[in-house]
file coords06.cif (mmCIF, C-alpha atoms)
data_target
#
loop_
_atom_site.group_PDB
_atom_site.id
_atom_site.type_symbol
_atom_site.label_atom_id
_atom_site.label_comp_id
_atom_site.auth_asym_id
_atom_site.auth_seq_id
_atom_site.Cartn_x
_atom_site.Cartn_y
_atom_site.Cartn_z
ATOM 1 C CA MET A 1 -21.585 -2.096 -14.399
ATOM 2 C CA LYS A 2 -19.050 -4.717 -13.396
ATOM 3 C CA VAL A 3 -16.282 -4.171 -10.888
ATOM 4 C CA ALA A 4 -13.382 -6.617 -10.547
ATOM 5 C CA VAL A 5 -12.236 -7.456 -7.019
ATOM 6 C CA ILE A 6 -8.764 -8.951 -7.300
ATOM 7 C CA GLN A 7 -7.907 -11.908 -5.082
ATOM 8 C CA PHE A 8 -4.217 -12.350 -4.318
ATOM 9 C CA PRO A 9 -3.059 -15.310 -2.274
ATOM 10 C CA GLY A 10 -3.579 -13.919 1.236
ATOM 11 C CA SER A 11 -6.255 -11.334 0.411
ATOM 12 C CA ASN A 12 -8.920 -11.451 3.116
ATOM 13 C CA CYS A 13 -11.208 -8.457 2.548
ATOM 14 C CA ASP A 14 -12.162 -9.529 -0.979
ATOM 15 C CA GLN A 15 -15.598 -10.866 -0.018
ATOM 16 C CA ASP A 16 -16.341 -7.769 2.070
ATOM 17 C CA ALA A 17 -15.392 -5.496 -0.840
ATOM 18 C CA ALA A 18 -17.605 -7.483 -3.242
ATOM 19 C CA TRP A 19 -20.438 -7.319 -0.702
ATOM 20 C CA ALA A 20 -20.127 -3.539 -0.329
ATOM 21 C CA LEU A 21 -20.154 -3.076 -4.122
ATOM 22 C CA LYS A 22 -23.264 -5.243 -4.446
ATOM 23 C CA TRP A 23 -24.852 -3.455 -1.496
ATOM 24 C CA VAL A 24 -24.967 -0.217 -3.529
ATOM 25 C CA GLY A 25 -26.164 -2.021 -6.643
ATOM 26 C CA LEU A 26 -22.939 -2.612 -8.549
ATOM 27 C CA GLU A 27 -21.997 -5.986 -10.004
ATOM 28 C CA ALA A 28 -18.867 -7.425 -8.456
ATOM 29 C CA GLU A 29 -16.780 -10.365 -9.570
ATOM 30 C CA LEU A 30 -13.865 -11.950 -7.738
ATOM 31 C CA ILE A 31 -10.864 -12.297 -10.038
ATOM 32 C CA TRP A 32 -7.846 -14.484 -9.212
ATOM 33 C CA HIS A 33 -4.526 -12.668 -9.473
ATOM 34 C CA THR A 34 -3.231 -14.802 -12.342
ATOM 35 C CA ALA A 35 -5.896 -13.387 -14.710
ATOM 36 C CA THR A 36 -4.394 -11.793 -17.790
ATOM 37 C CA HIS A 37 -7.350 -9.752 -18.956
ATOM 38 C CA LEU A 38 -10.016 -7.603 -17.335
ATOM 39 C CA GLU A 39 -12.187 -7.029 -20.375
ATOM 40 C CA GLY A 40 -15.662 -5.777 -19.539
ATOM 41 C CA PHE A 41 -14.776 -4.394 -16.116
ATOM 42 C CA ALA A 42 -15.439 -0.713 -15.514
ATOM 43 C CA ALA A 43 -13.451 -0.492 -12.283
ATOM 44 C CA VAL A 44 -11.075 -2.501 -10.090
ATOM 45 C CA VAL A 45 -10.774 -2.969 -6.339
ATOM 46 C CA LEU A 46 -7.556 -4.272 -4.799
ATOM 47 C CA PRO A 47 -8.813 -5.490 -1.422
ATOM 48 C CA GLY A 48 -7.209 -5.628 2.001
ATOM 49 C CA GLY A 49 -5.420 -8.587 3.493
ATOM 50 C CA PHE A 50 -1.907 -9.945 3.476
ATOM 51 C CA SER A 51 -1.017 -10.723 -0.134
ATOM 52 C CA TYR A 52 1.861 -13.215 -0.208
ATOM 53 C CA GLY A 53 1.866 -13.116 3.577
ATOM 54 C CA ASP A 54 3.356 -9.592 3.462
ATOM 55 C CA TYR A 55 6.658 -11.352 2.714
ATOM 56 C CA LEU A 56 9.563 -9.085 1.739
ATOM 57 C CA ARG A 57 7.322 -6.026 2.286
ATOM 58 C CA ALA A 58 3.563 -5.533 2.306
ATOM 59 C CA GLY A 59 2.450 -5.516 -1.332
ATOM 60 C CA ALA A 60 5.965 -6.062 -2.684
ATOM 61 C CA LEU A 61 5.340 -9.467 -4.264
ATOM 62 C CA ALA A 62 1.736 -8.896 -5.358
ATOM 63 C CA LYS A 63 2.879 -6.179 -7.737
ATOM 64 C CA PHE A 64 4.447 -8.910 -9.895
ATOM 65 C CA SER A 65 1.154 -10.826 -10.225
ATOM 66 C CA PRO A 66 0.052 -11.228 -13.868
ATOM 67 C CA VAL A 67 -3.191 -9.283 -13.314
ATOM 68 C CA MET A 68 -1.266 -6.149 -12.353
ATOM 69 C CA ALA A 69 -0.408 -5.397 -16.012
ATOM 70 C CA GLU A 70 -4.148 -5.216 -16.678
ATOM 71 C CA VAL A 71 -4.800 -3.132 -13.551
ATOM 72 C CA ARG A 72 -2.134 -0.727 -14.817
ATOM 73 C CA ARG A 73 -3.738 -0.636 -18.266
ATOM 74 C CA LEU A 74 -7.168 0.210 -16.819
ATOM 75 C CA ALA A 75 -5.656 2.829 -14.504
ATOM 76 C CA GLU A 76 -3.875 4.449 -17.430
ATOM 77 C CA ARG A 77 -7.078 4.381 -19.461
ATOM 78 C CA GLY A 78 -8.787 6.365 -16.688
ATOM 79 C CA ASN A 79 -10.981 3.645 -15.148
ATOM 80 C CA PRO A 80 -11.480 3.965 -11.393
ATOM 81 C CA VAL A 81 -9.112 1.796 -9.315
ATOM 82 C CA ILE A 82 -9.390 1.547 -5.528
ATOM 83 C CA GLY A 83 -6.744 -0.023 -3.295
ATOM 84 C CA ILE A 84 -7.857 -0.573 0.279
ATOM 85 C CA CYS A 85 -5.258 -1.227 2.994
ATOM 86 C CA ASN A 86 -3.067 -3.973 1.476
ATOM 87 C CA GLY A 87 -4.473 -2.846 -1.882
ATOM 88 C CA PHE A 88 -3.068 0.654 -1.195
ATOM 89 C CA GLN A 89 0.282 -0.946 -0.366
ATOM 90 C CA VAL A 90 0.181 -2.878 -3.665
ATOM 91 C CA LEU A 91 -0.610 0.329 -5.602
ATOM 92 C CA THR A 92 2.355 2.192 -4.103
ATOM 93 C CA GLU A 93 4.669 -0.785 -4.634
ATOM 94 C CA ALA A 94 3.509 -0.973 -8.263
ATOM 95 C CA GLY A 95 4.177 2.742 -8.712
ATOM 96 C CA LEU A 96 0.528 3.508 -9.537
ATOM 97 C CA LEU A 97 0.481 5.828 -6.527
ATOM 98 C CA PRO A 98 3.439 7.799 -5.139
ATOM 99 C CA GLY A 99 5.067 7.184 -1.764
ATOM 100 C CA ALA A 100 5.193 4.107 0.438
ATOM 101 C CA LEU A 101 3.581 2.647 3.550
ATOM 102 C CA LEU A 102 5.998 1.878 6.355
ATOM 103 C CA ALA A 103 5.699 0.142 9.708
ATOM 104 C CA ASN A 104 3.459 2.050 12.130
ATOM 105 C CA THR A 105 5.563 4.285 14.364
ATOM 106 C CA ASN A 106 4.373 2.445 17.475
ATOM 107 C CA LEU A 107 5.106 -0.972 15.872
ATOM 108 C CA HIS A 108 1.626 -2.204 16.761
ATOM 109 C CA PHE A 109 -0.806 -3.817 14.391
ATOM 110 C CA THR A 110 -3.600 -1.342 15.015
ATOM 111 C CA CYS A 111 -7.199 -2.443 14.692
ATOM 112 C CA LYS A 112 -9.683 0.250 15.710
ATOM 113 C CA GLU A 113 -12.001 2.957 14.475
ATOM 114 C CA VAL A 114 -10.381 6.254 13.538
ATOM 115 C CA GLY A 115 -11.548 9.700 12.541
ATOM 116 C CA LEU A 116 -11.055 10.882 8.968
ATOM 117 C CA ARG A 117 -11.624 14.151 7.184
ATOM 118 C CA VAL A 118 -12.738 14.173 3.546
ATOM 119 C CA GLU A 119 -10.388 16.648 1.888
ATOM 120 C CA ARG A 120 -12.130 16.803 -1.478
ATOM 121 C CA ASN A 121 -15.310 15.490 -3.032
ATOM 122 C CA ASP A 122 -14.490 16.039 -6.696
ATOM 123 C CA THR A 123 -13.234 12.466 -7.177
ATOM 124 C CA PRO A 124 -15.093 9.349 -8.384
ATOM 125 C CA PHE A 125 -14.736 7.994 -4.847
ATOM 126 C CA THR A 126 -15.908 10.872 -2.683
ATOM 127 C CA GLN A 127 -18.639 12.786 -4.493
ATOM 128 C CA ALA A 128 -21.239 11.467 -2.024
ATOM 129 C CA TYR A 129 -19.443 13.275 0.831
ATOM 130 C CA ARG A 130 -19.191 16.949 1.705
ATOM 131 C CA PRO A 131 -15.722 18.507 1.694
ATOM 132 C CA GLY A 132 -14.496 18.635 5.294
ATOM 133 C CA GLU A 133 -16.961 15.935 6.360
ATOM 134 C CA LEU A 134 -15.742 13.847 9.280
ATOM 135 C CA LEU A 135 -16.000 10.062 8.994
ATOM 136 C CA ARG A 136 -15.519 7.188 11.406
ATOM 137 C CA LEU A 137 -13.922 4.169 9.705
ATOM 138 C CA PRO A 138 -12.056 1.113 10.931
ATOM 139 C CA ILE A 139 -8.362 0.587 10.310
ATOM 140 C CA ALA A 140 -6.497 -2.719 10.660
ATOM 141 C CA HIS A 141 -2.852 -2.554 9.669
ATOM 142 C CA GLY A 142 0.730 -2.820 10.828
ATOM 143 C CA GLU A 143 2.269 -0.901 7.920
ATOM 144 C CA GLY A 144 0.200 2.199 7.335
ATOM 145 C CA ARG A 145 2.619 5.051 7.949
ATOM 146 C CA TYR A 146 2.458 7.048 4.739
ATOM 147 C CA TYR A 147 5.870 8.221 3.665
ATOM 148 C CA ALA A 148 7.112 10.159 0.656
ATOM 149 C CA ASP A 149 10.175 12.336 0.277
ATOM 150 C CA PRO A 150 9.623 16.073 0.863
ATOM 151 C CA GLU A 151 9.365 17.007 -2.834
ATOM 152 C CA VAL A 152 6.788 14.302 -3.560
ATOM 153 C CA LEU A 153 4.821 15.284 -0.465
ATOM 154 C CA GLU A 154 4.818 18.925 -1.506
ATOM 155 C CA GLY A 155 3.625 17.958 -4.995
ATOM 156 C CA LEU A 156 0.804 15.870 -3.511
ATOM 157 C CA GLU A 157 -0.421 18.795 -1.447
ATOM 158 C CA GLU A 158 -0.087 21.268 -4.326
ATOM 159 C CA ARG A 159 -2.129 19.075 -6.637
ATOM 160 C CA ARG A 160 -4.658 18.321 -3.863
ATOM 161 C CA GLN A 161 -4.053 14.593 -4.109
ATOM 162 C CA VAL A 162 -4.728 13.951 -0.423
ATOM 163 C CA VAL A 163 -8.329 12.754 -0.255
ATOM 164 C CA PHE A 164 -8.581 11.477 3.332
ATOM 165 C CA ARG A 165 -6.662 12.674 6.382
ATOM 166 C CA TYR A 166 -6.729 11.275 9.910
ATOM 167 C CA ALA A 167 -8.576 13.771 12.074
ATOM 168 C CA ALA A 168 -9.796 14.174 15.639
ATOM 169 C CA LEU A 169 -13.492 13.387 15.980
ATOM 170 C CA THR A 170 -13.647 15.016 19.395
ATOM 171 C CA PRO A 171 -11.554 17.765 20.980
ATOM 172 C CA ALA A 172 -10.376 15.222 23.555
ATOM 173 C CA ALA A 173 -8.779 13.117 20.821
ATOM 174 C CA SER A 174 -6.849 16.033 19.342
ATOM 175 C CA ALA A 175 -3.464 14.783 20.537
ATOM 176 C CA ASP A 176 -3.391 11.260 19.187
ATOM 177 C CA TYR A 177 -5.734 10.986 16.220
ATOM 178 C CA ASN A 178 -2.978 9.901 13.816
ATOM 179 C CA PRO A 179 -2.807 6.131 14.410
ATOM 180 C CA ASN A 180 0.381 5.246 12.560
ATOM 181 C CA GLY A 181 2.660 8.268 12.179
ATOM 182 C CA SER A 182 1.644 9.037 8.575
ATOM 183 C CA LEU A 183 3.223 12.203 7.226
ATOM 184 C CA ASN A 184 0.735 15.087 6.960
ATOM 185 C CA ASP A 185 -1.869 12.756 8.581
ATOM 186 C CA ILE A 186 -2.359 11.124 5.178
ATOM 187 C CA ALA A 187 -4.882 8.259 5.147
ATOM 188 C CA GLY A 188 -5.757 8.192 1.445
ATOM 189 C CA ILE A 189 -4.488 9.733 -1.795
ATOM 190 C CA VAL A 190 -5.343 9.741 -5.484
ATOM 191 C CA ASN A 191 -3.015 9.848 -8.488
ATOM 192 C CA ALA A 192 -2.596 13.129 -10.373
ATOM 193 C CA ARG A 193 -5.404 12.215 -12.785
ATOM 194 C CA GLY A 194 -7.712 11.397 -9.864
ATOM 195 C CA ASN A 195 -8.863 7.936 -10.990
ATOM 196 C CA VAL A 196 -6.674 5.786 -8.722
ATOM 197 C CA LEU A 197 -7.403 5.916 -4.979
ATOM 198 C CA GLY A 198 -5.428 4.245 -2.197
ATOM 199 C CA LEU A 199 -6.525 4.386 1.430
ATOM 200 C CA MET A 200 -5.593 2.540 4.606
ATOM 201 C CA PRO A 201 -9.009 2.633 6.352
ATOM 202 C CA HIS A 202 -11.645 0.061 5.377
ATOM 203 C CA PRO A 203 -14.801 1.648 3.912
ATOM 204 C CA GLU A 204 -16.079 -1.840 2.963
ATOM 205 C CA ARG A 205 -16.275 -2.687 6.671
ATOM 206 C CA ALA A 206 -18.557 0.281 7.280
ATOM 207 C CA VAL A 207 -21.517 -0.011 4.937
ATOM 208 C CA GLU A 208 -24.229 -1.453 7.185
ATOM 209 C CA ALA A 209 -25.568 -0.170 10.475
ATOM 210 C CA ALA A 210 -24.947 -3.607 12.002
ATOM 211 C CA LEU A 211 -21.199 -2.965 11.576
ATOM 212 C CA GLY A 212 -21.285 0.092 13.825
ATOM 213 C CA THR A 213 -20.790 2.755 11.172
ATOM 214 C CA THR A 214 -22.026 3.331 7.641
ATOM 215 C CA ASP A 215 -19.535 6.105 6.937
ATOM 216 C CA GLY A 216 -17.809 3.990 4.265
ATOM 217 C CA LEU A 217 -20.909 3.699 2.130
ATOM 218 C CA GLY A 218 -20.167 7.004 0.404
ATOM 219 C CA VAL A 219 -17.082 5.564 -1.293
ATOM 220 C CA PHE A 220 -19.132 2.867 -3.024
ATOM 221 C CA GLU A 221 -22.093 5.154 -3.755
ATOM 222 C CA SER A 222 -19.700 7.667 -5.274
ATOM 223 C CA LEU A 223 -18.116 4.972 -7.428
ATOM 224 C CA LYS A 224 -21.528 3.835 -8.621
ATOM 225 C CA ALA A 225 -22.535 7.403 -9.528
ATOM 226 C CA ALA A 226 -19.225 7.936 -11.352
ATOM 227 C CA LEU A 227 -19.617 4.720 -13.353
ATOM 228 C CA GLU A 228 -23.195 5.616 -14.308
ATOM 229 C CA VAL A 229 -22.013 8.917 -15.762
ATOM 230 C CA VAL A 230 -19.430 7.123 -17.921
ATOM 231 C CA ALA A 231 -21.905 4.486 -19.148
ATOM 232 C CA MET B 1 29.816 -21.656 -12.456
ATOM 233 C CA LYS B 2 27.820 -21.482 -9.275
ATOM 234 C CA TYR B 3 27.956 -18.398 -7.092
ATOM 235 C CA GLN B 4 26.611 -17.494 -3.708
ATOM 236 C CA ALA B 5 25.234 -13.962 -3.518
ATOM 237 C CA THR B 6 24.247 -11.915 -0.490
ATOM 238 C CA ILE B 7 21.995 -8.913 -1.022
ATOM 239 C CA LEU B 8 21.309 -6.372 1.712
ATOM 240 C CA ILE B 9 18.170 -4.221 1.556
ATOM 241 C CA GLU B 10 17.800 -1.509 4.168
ATOM 242 C CA LEU B 11 15.822 1.641 4.830
ATOM 243 C CA LYS B 12 17.375 4.832 3.478
ATOM 244 C CA PRO B 13 19.295 6.771 6.093
ATOM 245 C CA GLY B 14 17.064 9.380 7.693
ATOM 246 C CA ILE B 15 13.852 7.352 7.432
ATOM 247 C CA LEU B 16 12.480 6.526 10.850
ATOM 248 C CA ASP B 17 13.025 2.836 11.603
ATOM 249 C CA PRO B 18 10.817 1.912 14.573
ATOM 250 C CA GLN B 19 12.153 -1.663 14.562
ATOM 251 C CA GLY B 20 15.700 -0.367 14.840
ATOM 252 C CA ARG B 21 14.618 1.902 17.677
ATOM 253 C CA ALA B 22 13.005 -0.944 19.589
ATOM 254 C CA VAL B 23 16.131 -3.080 19.203
ATOM 255 C CA GLU B 24 18.296 -0.133 20.221
ATOM 256 C CA GLY B 25 16.246 0.394 23.368
ATOM 257 C CA VAL B 26 16.642 -3.242 24.362
ATOM 258 C CA LEU B 27 20.381 -3.259 23.651
ATOM 259 C CA GLN B 28 20.847 -0.111 25.724
ATOM 260 C CA GLY B 29 18.779 -1.679 28.485
ATOM 261 C CA LEU B 30 21.236 -4.571 28.476
ATOM 262 C CA GLY B 31 24.062 -2.077 28.990
ATOM 263 C CA TYR B 32 25.395 -1.872 25.420
ATOM 264 C CA ARG B 33 26.227 1.535 24.029
ATOM 265 C CA ALA B 34 24.601 0.851 20.682
ATOM 266 C CA GLN B 35 23.272 3.875 18.812
ATOM 267 C CA ASN B 36 21.347 4.400 15.578
ATOM 268 C CA VAL B 37 20.448 0.725 15.226
ATOM 269 C CA ARG B 38 18.811 -0.049 11.872
ATOM 270 C CA VAL B 39 17.126 -3.285 10.849
ATOM 271 C CA GLY B 40 17.509 -4.464 7.257
ATOM 272 C CA ARG B 41 16.922 -7.622 5.252
ATOM 273 C CA VAL B 42 19.436 -10.078 3.901
ATOM 274 C CA LEU B 43 18.709 -12.244 0.878
ATOM 275 C CA GLU B 44 20.966 -15.210 0.230
ATOM 276 C CA MET B 45 20.871 -17.001 -3.085
ATOM 277 C CA GLU B 46 22.691 -19.365 -5.346
ATOM 278 C CA LEU B 47 23.267 -18.191 -8.885
ATOM 279 C CA GLU B 48 24.308 -20.024 -12.007
ATOM 280 C CA SER B 49 26.450 -17.725 -14.133
ATOM 281 C CA PRO B 50 29.280 -17.919 -16.692
ATOM 282 C CA SER B 51 31.387 -15.324 -14.867
ATOM 283 C CA GLU B 52 31.701 -13.422 -11.642
ATOM 284 C CA ALA B 53 30.977 -10.125 -13.390
ATOM 285 C CA GLU B 54 27.764 -11.554 -14.856
ATOM 286 C CA ALA B 55 26.739 -13.007 -11.491
ATOM 287 C CA HIS B 56 27.261 -9.582 -9.912
ATOM 288 C CA ARG B 57 25.227 -7.930 -12.652
ATOM 289 C CA GLN B 58 22.367 -10.384 -12.121
ATOM 290 C CA ALA B 59 22.428 -10.007 -8.330
ATOM 291 C CA THR B 60 22.370 -6.215 -8.663
ATOM 292 C CA GLU B 61 19.457 -6.365 -11.087
ATOM 293 C CA MET B 62 17.466 -8.610 -8.723
ATOM 294 C CA ALA B 63 18.235 -6.346 -5.760
ATOM 295 C CA LYS B 64 16.971 -3.383 -7.766
ATOM 296 C CA THR B 65 13.798 -5.301 -8.680
ATOM 297 C CA LEU B 66 13.056 -6.281 -5.079
ATOM 298 C CA ALA B 67 13.964 -3.070 -3.247
ATOM 299 C CA ASN B 68 11.505 -0.174 -3.122
ATOM 300 C CA PRO B 69 13.398 2.955 -4.231
ATOM 301 C CA VAL B 70 10.973 5.204 -2.324
ATOM 302 C CA MET B 71 12.418 4.186 1.030
ATOM 303 C CA GLU B 72 15.102 1.547 0.575
ATOM 304 C CA VAL B 73 18.654 1.159 -0.667
ATOM 305 C CA TYR B 74 20.307 -2.095 -1.700
ATOM 306 C CA THR B 75 23.832 -3.449 -1.937
ATOM 307 C CA VAL B 76 25.266 -6.692 -3.197
ATOM 308 C CA GLU B 77 27.213 -7.450 -0.033
ATOM 309 C CA ALA B 78 29.130 -10.512 -1.117
ATOM 310 C CA LEU B 79 29.595 -12.764 -4.081
ATOM 311 C CA LYS B 80 31.651 -15.887 -3.915
ATOM 312 C CA GLU B 81 32.191 -18.895 -6.045
ATOM 313 C CA ARG B 82 30.670 -22.089 -4.714
ATOM 314 C CA ALA B 83 32.380 -25.401 -4.778
#
call {"tool": "encode", "arguments": {"input": "coords06.cif", "output": "structure tokens"}}
result
Amino acid sequence: MKVAVIQFPGSNCDQDAAWALKWVGLEAELIWHTATHLEGFAAVVLPGGFSYGDYLRAGALAKFSPVMAEVRRLAERGNPVIGICNGFQVLTEAGLLPGALLANTNLHFTCKEVGLRVERNDTPFTQAYRPGELLRLPIAHGEGRYYADPEVLEGLEERRQVVFRYAALTPAASADYNPNGSLNDIAGIVNARGNVLGLMPHPERAVEAALGTTDGLGVFESLKAALEVVA
Amino acid sequence: MKYQATILIELKPGILDPQGRAVEGVLQGLGYRAQNVRVGRVLEMELESPSEAEAHRQATEMAKTLANPVMEVYTVEALKERA
């Protein structure tokens, strides 16, 4: 079961993503962004980083990379696609996920652990979690404020497309758990079909106890289980 | 003919612009009465085109390609013939 991890110029979480995939027993291959076919890959990860230096806007130039036509083809065919952090930004810029990610309200590049609530576990990315489960995952971004116009936002909620929401892990944190000003506390969404996930937190940085939290492991275990069902 | 085009890309009105707010705060601190400051992006480019109308069409098309319609609007601010 091979998963492609796309490397754009400026990606920097590609090795971590490949490591996390291998950690759960999946095969992972790093694919340069000029690739024009992704034959033989069951899923795709667009990793975090700063593709094209975040020039113009985060993710805005990466969407024109040749490999994106193939990523779109796989997404439309129903294969799982995960965009983490900058990968989420690329997916929204490419129109594979609705909305956009704007500069954090406080203008800080924020690098810390945050609380998340799993809103649904009937996706290929979250079946290893319980609905309502609270997770602790790291974030590291300057443009993570999820924005969509009111109609799009309403549609997302109606179709239950919000998968992860920022949440308070302790009652004391209840005032400032949303790290970037995201509307509806949105940290991760899927497309209407449920096979394309974008999230700002970094599950690949939370798969081994040595990293402080293993709460991200479920994303990769879920993906593995989903791919095994298909195969 | 060679043309010089200026494209302006800015956040849609109504979308919170924290950069604009930070600049506004500083300007007000300096005593200016600036309000609703917004920060946008300007793209300057040279274009080879047979006519001004065609140059404008091209510039508009590029602006549309580069702007994100979810949160931005674009305008071709200026187009002038280059010597």
call {"tool": "closest_residue", "arguments": {"input": "coords06.cif", "among": "A:Lys22, A:Arg72, A:Arg145, A:His33", "to": "chain B", "atoms": "only C-alpha atoms"}}
result
A:Arg145
call {"tool": "atom_distance", "arguments": {"input": "coords06.cif", "atom1": "atom CA of A:Arg57", "atom2": "atom CA of B:Tyr3"}}
result
25.8 Å
call {"tool": "axis_aligned_box", "arguments": {"input": "coords06.cif", "around": "stretch 102-119 of chain A", "padding_each_side": "3 Å", "output": "JSON"}}
result
{"center_x": -3.4, "center_y": 6.4, "center_z": 9.7, "size_x": 24.7, "size_y": 26.5, "size_z": 21.6}
call {"tool": "atom_distance", "arguments": {"input": "coords06.cif", "atom1": "atom CA of A:Asn106", "atom2": "atom CA of A:Asp54"}}
result
18.5 Å
call {"tool": "atom_distance", "arguments": {"input": "coords06.cif", "atom1": "atom CA of B:Lys64", "atom2": "atom CA of B:Ile7"}}
result
10.1 Å
call {"tool": "interface_residues", "arguments": {"input": "coords06.cif", "of": "chain A", "to": "chain B", "cutoff": "10 Å", "atoms": "all atoms listed in the file", "output": "compact mmCIF listing (two decimals) with C-alpha atoms, in the frame of the given file"}}
result
# COMPACT_ATOMS: atom_id res chain seq x y z
CA LEU A 56 9.56 -9.09 1.74
CA ARG A 57 7.32 -6.03 2.29
CA ALA A 60 5.96 -6.06 -2.68
CA LEU A 61 5.34 -9.47 -4.26
CA THR A 92 2.36 2.19 -4.10
CA GLU A 93 4.67 -0.78 -4.63
CA ALA A 94 3.51 -0.97 -8.26
CA GLY A 95 4.18 2.74 -8.71
CA PRO A 98 3.44 7.80 -5.14
CA GLY A 99 5.07 7.18 -1.76
CA ALA A 100 5.19 4.11 0.44
CA LEU A 101 3.58 2.65 3.55
CA LEU A 102 6.00 1.88 6.36
CA ALA A 103 5.70 0.14 9.71
CA ASN A 104 3.46 2.05 12.13
CA THR A 105 5.56 4.28 14.36
CA ASN A 106 4.37 2.44 17.48
CA LEU A 107 5.11 -0.97 15.87
CA TYR A 147 5.87 8.22 3.66
CA ALA A 148 7.11 10.16 0.66
CA ASP A 149 10.18 12.34 0.28
call {"tool": "resolve_selection", "arguments": {"input": "coords06.cif", "expression": "the PyMOL selection byres ((chain A and resi 127-142) around 6)", "output": "list in words"}}
result
Ala103, Asn104, Phe109, Thr110, Cys111, Lys112, Glu113, Val114, Gly115, Leu116, Arg117, Val118, Glu119, Arg120, Asn121, Asp122, Thr126, Glu143, Pro201, His202, Asp215, Gly218 and Ser222 of chain A
call {"tool": "closest_residue", "arguments": {"input": "coords06.cif", "among": "B:Gly31, B:Val23, B:Val39, B:Gln4", "to": "B:Glu72", "atoms": "all atoms listed in the file"}}
result
B:Val39
call {"tool": "resolve_selection", "arguments": {"input": "coords06.cif", "expression": "the PyMOL selection byres ((chain B and resi 60) around 10)", "output": "PyMOL selection string"}}
result
chain B and resi 5+7+54-59+61-66+74-77
call {"tool": "resolve_selection", "arguments": {"input": "coords06.cif", "expression": "the PyMOL selection byres ((chain A and resi 125) around 12)", "output": "PyMOL selection string"}}
result
chain A and resi 43+45+79-83+118-124+126-130+163-164+188-190+194-199+203+216-227
call {"tool": "closest_residue", "arguments": {"input": "coords06.cif", "among": "A:Val44, A:Leu21, A:Leu30, A:Leu211", "to": "A:Met68", "atoms": "all atoms listed in the file"}}
result
A:Val44
